[in-house]
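Colleague: So that you have it, the file is structure-v1.txt, and it contains compact mmCIF, C-alpha atoms:
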# COMPACT_ATOMS: atom_id res chain seq x y z
CA MET A 974 81.48 156.78 222.57
CA VAL A 975 81.78 157.52 218.85
CA ASN A 976 82.83 161.11 218.23
CA SER A 977 82.79 162.89 214.91
CA MET A 978 85.70 165.13 213.99
CA THR A 979 83.33 167.85 212.73
CA GLY A 980 82.30 170.44 215.29
CA PHE A 981 81.74 174.12 215.90
CA GLY A 982 81.48 176.37 218.95
CA GLN A 983 81.53 180.06 219.70
CA ALA A 984 81.33 182.36 222.74
CA GLN A 985 82.25 185.88 223.79
CA GLU A 986 82.75 187.82 227.00
CA LYS A 987 82.93 191.53 227.86
CA PHE A 988 85.16 193.01 230.55
CA ASP A 989 86.79 196.41 231.12
CA HIS A 990 85.33 197.89 227.89
CA THR A 991 86.84 194.99 225.92
CA THR A 992 85.03 192.15 224.14
CA ILE A 993 86.80 188.88 223.30
CA SER A 994 85.05 186.54 220.85
CA ILE A 995 86.30 183.01 220.17
CA GLU A 996 85.19 180.51 217.52
CA VAL A 997 86.40 176.94 217.11
CA LYS A 998 85.87 174.84 213.98
CA THR A 999 87.01 171.23 213.75
CA VAL A 1000 87.20 168.99 210.68
CA ASN A 1001 88.61 165.56 209.98
CA HIS A 1002 92.38 165.08 209.94
CA ARG A 1003 94.66 162.10 210.37
CA PHE A 1004 96.25 163.62 213.47
CA LEU A 1005 95.52 166.49 215.88
CA ASP A 1006 96.40 169.67 214.00
CA PHE A 1007 96.13 173.28 215.17
CA SER A 1008 95.46 176.59 213.42
CA PHE A 1009 95.23 179.88 215.35
CA LYS A 1010 94.03 183.17 213.87
CA MET A 1011 94.23 185.82 216.58
CA PRO A 1012 95.90 189.10 217.58
CA ARG A 1013 99.66 188.79 217.66
CA GLU A 1014 99.69 189.66 221.36
CA PHE A 1015 97.82 186.43 222.14
CA SER A 1016 100.61 184.24 220.72
CA VAL A 1017 102.09 184.00 224.23
CA PHE A 1018 99.00 181.97 225.19
CA GLU A 1019 99.28 179.54 222.26
CA ASP A 1020 100.92 176.67 224.16
CA ALA A 1021 98.35 176.95 226.96
CA MET A 1022 95.53 176.97 224.40
CA LYS A 1023 96.93 173.87 222.66
CA GLN A 1024 97.01 172.07 226.00
CA LYS A 1025 93.39 173.04 226.55
CA VAL A 1026 92.39 171.70 223.12
CA ARG A 1027 94.18 168.39 223.82
CA GLN A 1028 91.95 167.92 226.86
CA TYR A 1029 88.94 167.67 224.54
CA PHE A 1030 90.13 166.32 221.19
CA ASN A 1031 92.49 163.55 220.08
CA ARG A 1032 92.20 163.87 216.30
CA GLY A 1033 91.08 166.45 213.78
CA ARG A 1034 92.11 169.85 212.49
CA VAL A 1035 91.18 172.47 215.07
CA GLU A 1036 90.85 176.07 213.86
CA VAL A 1037 90.69 178.73 216.58
CA PHE A 1038 89.57 182.28 215.73
CA ILE A 1039 89.96 185.04 218.35
CA HIS A 1040 88.65 188.57 217.78
CA VAL A 1041 89.06 191.54 220.13
CA SER A 1042 86.89 194.65 219.96
CA GLY A 1043 86.52 197.73 222.17
CA GLU A 1044 89.57 199.13 223.88
CA GLY A 1045 91.55 196.07 222.98
CA VAL A 1046 94.57 194.73 224.82
CA LYS A 1047 97.10 197.35 223.73
CA THR A 1048 97.94 200.79 225.15
CA LYS A 1049 98.99 203.40 222.60
CA THR A 1050 101.28 206.31 223.55
CA VAL A 1051 102.27 209.31 221.42
CA GLN A 1052 105.51 211.29 221.85
CA VAL A 1053 107.00 214.28 220.06
CA ASN A 1054 110.08 213.51 218.03
CA TRP A 1055 111.96 216.63 219.16
CA ASN A 1056 115.04 215.82 217.13
CA VAL A 1057 113.10 215.79 213.85
CA LEU A 1058 111.11 218.89 214.80
CA ASP A 1059 114.33 220.81 215.57
CA GLN A 1060 115.72 219.82 212.17
CA TYR A 1061 112.58 221.17 210.47
CA LEU A 1062 112.82 224.48 212.38
CA ASN A 1063 116.55 224.86 211.68
CA ALA A 1064 115.93 224.18 208.02
CA LEU A 1065 113.17 226.80 207.98
CA ASP A 1066 115.46 229.40 209.56
CA GLU A 1067 118.14 228.61 206.99
CA ILE A 1068 115.65 229.07 204.14
CA LYS A 1069 114.58 232.43 205.53
CA SER A 1070 118.15 233.71 205.88
CA LYS A 1071 119.31 232.61 202.44
CA ARG A 1072 116.24 233.42 200.35
CA SER A 1073 114.78 236.43 202.19
CA ILE A 1074 111.52 234.57 202.80
CA SER A 1075 109.33 235.75 205.66
CA GLY A 1076 106.50 234.06 207.50
CA ASP A 1077 105.90 231.95 210.58
CA LEU A 1078 105.28 228.20 210.91
CA GLU A 1079 101.76 227.72 212.27
CA PHE A 1080 100.66 224.86 214.55
CA GLU A 1081 98.51 223.40 211.77
CA ASP A 1082 101.61 223.30 209.56
CA ILE A 1083 103.55 221.39 212.19
CA LEU A 1084 100.86 218.72 212.33
CA GLN A 1085 101.43 218.05 208.62
CA LEU A 1086 105.15 217.44 209.01
CA GLU A 1087 106.16 213.80 208.59
CA GLY A 1088 107.83 212.01 211.48
CA ILE A 1089 107.01 214.64 214.12
CA PHE A 1090 105.09 212.21 216.32
CA LEU A 1091 106.20 208.78 217.49
CA GLU A 1092 103.53 206.18 218.29
CA ASP A 1093 104.22 203.25 220.57
CA GLU A 1094 101.94 200.35 221.46
CA GLU A 1095 102.34 198.21 224.55
CA ALA A 1096 100.43 194.97 224.94
CA ASN A 1097 98.48 194.64 228.19
CA VAL A 1098 99.01 190.90 228.41
CA ASP A 1099 98.93 189.48 231.91
CA GLU A 1100 97.79 186.45 233.90
CA PHE A 1101 94.26 187.83 234.22
CA LEU A 1102 93.89 188.11 230.44
CA GLN A 1103 95.24 184.59 229.94
CA GLU A 1104 92.71 183.20 232.40
CA LYS A 1105 89.92 185.03 230.57
CA VAL A 1106 90.98 183.71 227.17
CA LEU A 1107 91.35 180.13 228.42
CA SER A 1108 88.00 180.32 230.18
CA ILE A 1109 86.20 181.46 227.02
CA LEU A 1110 88.10 178.88 224.97
CA GLU A 1111 87.01 176.08 227.29
CA GLU A 1112 83.36 177.09 226.92
CA VAL A 1113 83.76 177.04 223.13
CA LEU A 1114 85.53 173.66 223.17
CA GLN A 1115 82.71 172.18 225.25
CA LYS A 1116 80.17 173.34 222.65
CA ALA A 1117 82.26 171.93 219.79
CA GLN A 1118 82.67 168.65 221.67
CA MET A 1119 78.91 168.34 222.19
CA MET A 1120 78.39 168.82 218.46
CA ARG A 1121 81.01 166.16 217.71
CA GLN A 1122 79.29 163.77 220.11
CA GLU A 1123 75.85 164.34 218.58
CA GLU A 1124 77.14 163.77 215.07
CA GLY A 1125 79.06 160.76 216.38
CA LYS A 1126 75.76 159.14 217.40
CA VAL A 1127 74.52 159.51 213.82
CA LEU A 1128 77.75 158.05 212.43
CA LYS A 1129 77.59 155.11 214.81
CA LYS A 1130 74.02 154.27 213.83
CA ASP A 1131 74.86 154.48 210.14
CA VAL A 1132 77.98 152.31 210.46
CA LEU A 1133 76.08 149.64 212.41
CA ASN A 1134 73.31 149.61 209.79
CA HIS A 1135 75.86 148.93 207.06
CA ILE A 1136 77.57 146.29 209.21
CA GLN A 1137 74.28 144.44 209.64
CA GLU A 1138 73.83 144.45 205.87
CA ILE A 1139 77.38 143.15 205.41
CA LYS A 1140 76.65 140.38 207.91
CA ARG A 1141 73.46 139.46 206.04
CA LEU A 1142 75.26 139.41 202.69
CA THR A 1143 78.08 137.31 204.13
CA TYR A 1144 75.66 134.66 205.39
CA GLU A 1145 73.98 134.73 202.00
CA LEU A 1146 77.40 134.18 200.47
CA LYS A 1147 77.93 131.25 202.80
CA GLU A 1148 74.87 129.55 201.33
CA HIS A 1149 76.57 129.46 197.90
CA ILE A 1150 79.69 127.60 199.08
CA ASP A 1151 78.33 124.20 198.05
CA SER A 1152 77.32 125.35 194.57
CA ILE A 1153 80.70 127.04 194.06
CA GLN A 1154 82.53 123.88 195.09
CA GLU A 1155 80.34 121.81 192.77
CA GLU A 1156 81.17 124.10 189.84
CA TYR A 1157 84.88 123.77 190.46
CA ARG A 1158 84.61 120.02 191.06
CA ILE A 1159 83.16 119.69 187.56
CA LYS A 1160 85.97 121.88 186.15
CA ILE A 1161 88.61 119.77 187.90
CA LYS A 1162 87.03 116.56 186.59
CA GLU A 1163 86.94 117.97 183.06
CA ARG A 1164 90.58 119.03 183.29
CA ILE A 1165 91.71 115.58 184.44
CA GLU A 1166 89.64 113.85 181.74
CA GLU A 1167 91.14 116.16 179.13
CA HIS A 1168 94.60 115.18 180.35
CA LEU A 1169 93.79 111.49 180.11
CA THR A 1170 92.17 111.84 176.67
CA THR A 1171 94.91 113.89 175.04
CA GLY A 1172 97.70 112.03 176.76
CA THR A 1173 99.36 115.22 177.89
CA HIS A 1174 102.76 114.46 179.41
CA ASP A 1175 103.04 117.73 181.34
CA GLU A 1176 101.58 116.27 184.51
CA SER A 1177 103.04 119.00 186.75
CA ARG A 1178 101.12 121.65 184.86
CA VAL A 1179 97.89 119.69 185.20
CA VAL A 1180 98.52 119.23 188.92
CA GLN A 1181 99.10 122.98 189.32
CA GLU A 1182 95.90 123.83 187.46
CA VAL A 1183 93.89 121.33 189.50
CA ALA A 1184 95.39 122.72 192.73
CA LEU A 1185 94.51 126.27 191.63
CA LEU A 1186 90.95 125.27 190.84
CA ALA A 1187 90.65 123.50 194.19
CA ASP A 1188 91.87 126.63 195.99
CA LYS A 1189 89.35 128.82 194.18
CA ALA A 1190 86.58 126.41 195.12
CA ASP A 1191 87.04 127.18 198.81
CA ILE A 1192 85.96 130.63 200.06
CA SER A 1193 85.06 129.43 203.54
CA GLU A 1194 88.17 130.97 205.13
CA GLU A 1195 87.44 134.37 203.62
CA ILE A 1196 83.86 134.17 204.90
CA ILE A 1197 85.07 133.30 208.41
CA ARG A 1198 87.43 136.28 208.36
CA LEU A 1199 84.69 138.56 207.05
CA LEU A 1200 82.41 137.61 209.93
CA SER A 1201 85.32 138.04 212.35
CA HIS A 1202 85.95 141.57 211.06
CA VAL A 1203 82.24 142.35 211.39
CA ASP A 1204 82.42 141.32 215.05
CA GLN A 1205 85.50 143.50 215.50
CA VAL A 1206 83.65 146.54 214.16
CA GLU A 1207 80.73 145.92 216.52
CA GLU A 1208 83.09 145.55 219.49
CA THR A 1209 85.31 148.51 218.56
CA ILE A 1210 82.45 150.93 218.04
CA GLU A 1211 81.43 150.47 221.70
CA LEU A 1212 84.85 151.38 223.11
CA GLN A 1213 85.13 154.54 225.22
CA GLN A 1214 88.19 155.87 223.37
CA PRO A 1215 89.16 157.20 219.93
CA ILE A 1216 88.42 154.42 217.43
CA GLY A 1217 88.67 156.04 214.00
CA ARG A 1218 92.06 154.61 213.02
CA LYS A 1219 91.19 151.11 214.18
CA LEU A 1220 87.89 151.16 212.30
CA ASP A 1221 89.71 152.36 209.20
CA PHE A 1222 92.09 149.38 209.42
CA ILE A 1223 89.25 146.88 209.91
CA THR A 1224 87.40 148.39 206.96
CA GLN A 1225 90.44 147.83 204.75
CA GLU A 1226 90.53 144.19 205.89
CA LEU A 1227 86.84 143.78 205.07
CA LEU A 1228 87.48 145.07 201.58
CA ARG A 1229 90.54 142.84 201.12
CA GLU A 1230 88.63 139.66 201.99
CA THR A 1231 85.76 140.70 199.72
CA ASN A 1232 88.13 141.31 196.81
CA THR A 1233 89.69 137.88 197.38
CA ILE A 1234 86.27 136.22 197.17
CA GLY A 1235 85.50 138.16 194.01
CA SER A 1236 88.75 137.05 192.36
CA LYS A 1237 88.14 133.41 193.29
CA SER A 1238 84.62 132.94 192.00
CA ASN A 1239 83.00 133.42 188.61
CA ASN A 1240 79.61 132.47 190.00
CA VAL A 1241 77.00 135.04 188.92
CA HIS A 1242 75.20 135.10 192.27
CA VAL A 1243 78.48 135.39 194.17
CA SER A 1244 79.60 138.26 191.93
CA LYS A 1245 76.40 140.18 192.69
CA ILE A 1246 76.88 139.66 196.42
CA VAL A 1247 80.51 140.80 196.18
CA VAL A 1248 79.43 144.02 194.43
CA ALA A 1249 76.86 144.66 197.15
CA LEU A 1250 79.45 143.96 199.86
CA LYS A 1251 81.91 146.41 198.32
CA SER A 1252 79.22 149.08 198.18
CA GLU A 1253 78.41 148.67 201.89
CA ILE A 1254 82.09 148.63 202.88
CA GLU A 1255 82.79 151.80 200.89
CA LYS A 1256 79.92 153.53 202.69
CA ILE A 1257 81.42 152.55 206.04
CA LYS A 1258 84.86 153.67 204.90
CA GLU A 1259 83.49 157.09 203.98
CA GLN A 1260 81.88 157.53 207.40
CA VAL A 1261 84.92 156.22 209.27
CA GLN A 1262 87.05 159.01 207.79
CA ASN A 1263 85.18 161.46 210.03
CA ILE A 1264 85.28 159.39 213.25
CA GLU A 1265 87.78 160.51 215.87
Would you write out, as structure tokens, the structure that this file holds?

Modeller:
Amino acid sequence: MVNSMTGFGQAQEKFDHTTISIEVKTVNHRFLDFSFKMPREFSVFEDAMKQKVRQYFNRGRVEVFIHVSGEGVKTKTVQVNWNVLDQYLNALDEIKSKRSISGDLEFEDILQLEGIFLEDEEANVDEFLQEKVLSILEEVLQKAQMMRQEEGKVLKKDVLNHIQEIKRLTYELKEHIDSIQEEYRIKIKERIEEHLTTGTHDESRVVQEVALLADKADISEEIIRLLSHVDQVEETIELQQPIGRKLDFITQELLRETNTIGSKSNNVHVSKIVVALKSEIEKIKEQVQNIE
């Protein structure tokens, strides 16, 4: 099954006056890459969440967003900093005794003093919370996977359409082999006649040029390899495993053989076919970049 690397899923669940919302976005990436944006307290679950993601995806950048609303997962406690308060009161008594200032410190005044209260937060992270988070995450991953599968069907259809066009163009190219060979046969004959007419003594150079022309006259091997790579794409795209990297490699080989044919022939018709082949291969290459 062809899977895209682009997907999205979201879900949320309420429990004990707390709501946990999770979103997952996936995009193409050479490897499996993770990004977590969540409350710091959830970092203890990160390894477990990565393992869960690996059960669904093999490649792509996976961005996980976790938001907590309601009572949250932290308990806040407030304590009086008696040491600081005593220092304030002692300082007030000292001011009164030295400067003959009268007056009492009211409760509202105490509330304005800095450092009087100490706040402490304790994370309520336990096995129950981990199970909840992983359960919601799995639901989200399933949704993202379904999206990747649906887009994968579109990618597969598009790649196969381009492959059929490449196959058609390759067979059309095959029909020009005889005319290409005839063109180079004439060039070889002319080169030999020129050598005989001018009496050139550099026979090795003439032999090299003739050999080069003879090599350029034959594109049959490149055509065979092109058709072989087309078959490989059709076989690979039916595999029930990640195929993106393999398809990328085959696409590069398709382009390499096409470039070789283009460099060998100056035939106008062949040049047009080579341009069309490159266009189709580039379209496949673009789609393959998003296949898992």

Colleague: Might you pull out every residue within 10 Å of Lys1258 (chain A), with all atoms listed in the file counted and same-chain residues fewer than 2 positions away left off, and present them as a list in words?

Modeller: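 Skipping anything fewer than 2 positions along the chain leaves Val1132, Leu1220, Asp1221, Phe1222, Ile1223, Thr1224, Gln1225, Leu1228, Ser1252, Glu1253, Ile1254, Glu1255, Lys1256, Gln1260, Val1261, Gln1262 and Asn1263 of chain A.
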
Colleague: Near region 1134-1149 of chain A, within 8 Å and counting all atoms listed in the file, which residues show up once chain neighbours fewer than 5 positions away are dropped, as a PyMOL selection string?

Modeller: chain A and resi 1193+1196+1199-1200+1203+1206-1207+1243+1246+1249-1250+1253-1254+1256-1257

Colleague: Take the residues from that selection and write them out as a JSON list (two decimals), keeping the file's coordinate frame, keeping C-alpha atoms.

Modeller:
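again-v7.json written:
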[["chain", "number", "residue", "atom", "x", "y", "z"],
["A", 1193, "SER", "CA", 85.06, 129.43, 203.54],
["A", 1196, "ILE", "CA", 83.86, 134.17, 204.90],
["A", 1199, "LEU", "CA", 84.69, 138.56, 207.05],
["A", 1200, "LEU", "CA", 82.41, 137.61, 209.93],
["A", 1203, "VAL", "CA", 82.24, 142.35, 211.39],
["A", 1206, "VAL", "CA", 83.65, 146.54, 214.16],
["A", 1207, "GLU", "CA", 80.73, 145.92, 216.52],
["A", 1243, "VAL", "CA", 78.48, 135.39, 194.17],
["A", 1246, "ILE", "CA", 76.88, 139.66, 196.42],
["A", 1249, "ALA", "CA", 76.86, 144.66, 197.15],
["A", 1250, "LEU", "CA", 79.45, 143.96, 199.86],
["A", 1253, "GLU", "CA", 78.41, 148.67, 201.89],
["A", 1254, "ILE", "CA", 82.09, 148.63, 202.88],
["A", 1256, "LYS", "CA", 79.92, 153.53, 202.69],
["A", 1257, "ILE", "CA", 81.42, 152.55, 206.04]]

Colleague: Work out how far apart CA of Asp1020 (chain A) and CA of Gly1043 (chain A) are and give it in Å to one decimal.

Modeller: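 Taking CA of Asp1020 (chain A) and CA of Gly1043 (chain A), their separation equals 25.6 Å.
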
Colleague: May I ask for the distance between CA of Phe988 (chain A) and CA of Gln1024 (chain A), given in Å to one decimal place?

Modeller: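 Atom-to-atom, CA of Phe988 (chain A) to CA of Gln1024 (chain A), that is 24.5 Å.
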
Colleague: At what distance in Å, to one decimal, does CA of Ser1236 (chain A) lie from CA of Val1248 (chain A)?

Modeller: 11.8 Å

Colleague: Quick one: residues within 9 Å of Ser1244 (chain A), only C-alpha atoms counted, chain neighbours fewer than 6 positions away excluded, as a ChimeraX atom specification?

Modeller: /A:1234-1235,1238

Colleague: List as a PyMOL selection string the protein and nucleic acid residues near Val1057 (chain A), meaning an atom at most 10 Å away when all atoms listed in the file are counted, but skip any in the same chain fewer than 5 places from it.

Modeller: chain A and resi 1062-1063+1086-1090

Colleague: Using all atoms listed in the file, which of the listed residues (A:Val1017, A:Ile1083, A:Ile995, A:Leu1078) sits closest to Asp1099 (chain A)?

Modeller: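 For Asp1099 (chain A), the nearest of the candidates is A:Val1017.
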
Colleague: Between A:Lys1010, A:Gln1028, A:His1040, A:Val1051, which is the closest to Lys987 (chain A) once you count all atoms listed in the file?

Modeller: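 Selected residue with least distance to Lys987 (chain A): A:His1040.
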
Colleague: Which polymer residues have any atom within 9 Å of an atom of Phe1038 (chain A), counting only C-alpha atoms, with same-chain residues fewer than 4 positions away left out, as a list of chain:residue names?

Modeller: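 Listing them by chain and then by number gives A:Ser994, A:Ile995, A:Glu996, A:Val997, A:Lys998, A:Ser1008, A:Phe1009, A:Lys1010, A:Met1011.
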
Colleague: For each of A:Glu1265, A:Lys1237, A:Asn1232, A:Phe981, take the minimum atom-to-atom distance to Ile1216 (chain A), counting all atoms listed in the file, then give the residue where this is smallest.

Modeller: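 Closest to Ile1216 (chain A), using all atoms listed in the file: A:Glu1265.
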
Colleague: My list of candidates is A:Glu1230, A:Glu1208, A:Glu1036, A:Asp1131. Which is closest to Glu1195 (chain A) when distances are computed with only C-alpha atoms?

Modeller: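 Closest candidate: A:Glu1230.
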
Colleague: Up to 7 Å from (89.9, 162.8, 214.5) in the file's coordinates: name the residues, counting all atoms listed in the file, as a list in words.

Modeller: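 The distance filter leaves exactly Met978, Asn1001, His1002, Arg1003, Phe1004, Leu1005, Asn1031, Arg1032, Gly1033, Gly1217, Asn1263, Ile1264 and Glu1265 of chain A.
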
Colleague: Okay, now the selection with C-alpha atoms, as a PDB file, in the coordinates of the input?

Modeller:
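Wrote again-v7.pdb, looks like this:
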ATOM      1  CA  MET A 978      85.700 165.130 213.990  1.00  0.00           C
ATOM      2  CA  ASN A1001      88.610 165.560 209.980  1.00  0.00           C
ATOM      3  CA  HIS A1002      92.380 165.080 209.940  1.00  0.00           C
ATOM      4  CA  ARG A1003      94.660 162.100 210.370  1.00  0.00           C
ATOM      5  CA  PHE A1004      96.250 163.620 213.470  1.00  0.00           C
ATOM      6  CA  LEU A1005      95.520 166.490 215.880  1.00  0.00           C
ATOM      7  CA  ASN A1031      92.490 163.550 220.080  1.00  0.00           C
ATOM      8  CA  ARG A1032      92.200 163.870 216.300  1.00  0.00           C
ATOM      9  CA  GLY A1033      91.080 166.450 213.780  1.00  0.00           C
ATOM     10  CA  GLY A1217      88.670 156.040 214.000  1.00  0.00           C
ATOM     11  CA  ASN A1263      85.180 161.460 210.030  1.00  0.00           C
ATOM     12  CA  ILE A1264      85.280 159.390 213.250  1.00  0.00           C
ATOM     13  CA  GLU A1265      87.780 160.510 215.870  1.00  0.00           C
TER      14      GLU A1265
END

Colleague: Under the rule that all atoms listed in the file are counted, which of A:Asp1191, A:Glu1226, A:Glu1014, A:Asp1204 is the nearest residue to Leu1102 (chain A)?

Modeller: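 Among the listed residues, A:Glu1014 lies closest to Leu1102 (chain A).
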
Colleague: Taking into account only C-alpha atoms, which residue in the set A:Gln983, A:Gln1214, A:Thr1231, A:Gln1122 is nearest to His1202 (chain A)?

Modeller: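 Nearest to His1202 (chain A): A:Thr1231.
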
Colleague: Taking every listed atom of region 1017-1025 of chain A and adding 8 Å to each side, what centre and edge lengths in Å (one decimal) does the axis-aligned box have, as AutoDock Vina command-line options?

Modeller:
--center_x 97.7 --center_y 178.0 --center_z 224.6 --size_x 24.7 --size_y 27.9 --size_z 20.7

Colleague: At a cut-off of 9 Å around the point (85.8, 196.7, 228.1) (file coordinates), what residues fall inside when counting all atoms listed in the file? I'd like the answer as a CSV table (one decimal) with C-alpha atoms, in the frame of the given file.

Modeller:
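Result file is out-v4.csv:
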chain,number,residue,atom,x,y,z
A,987,LYS,CA,82.9,191.5,227.9
A,988,PHE,CA,85.2,193.0,230.6
A,989,ASP,CA,86.8,196.4,231.1
A,990,HIS,CA,85.3,197.9,227.9
A,991,THR,CA,86.8,195.0,225.9
A,992,THR,CA,85.0,192.2,224.1
A,1042,SER,CA,86.9,194.6,220.0
A,1043,GLY,CA,86.5,197.7,222.2
A,1044,GLU,CA,89.6,199.1,223.9
A,1045,GLY,CA,91.6,196.1,223.0
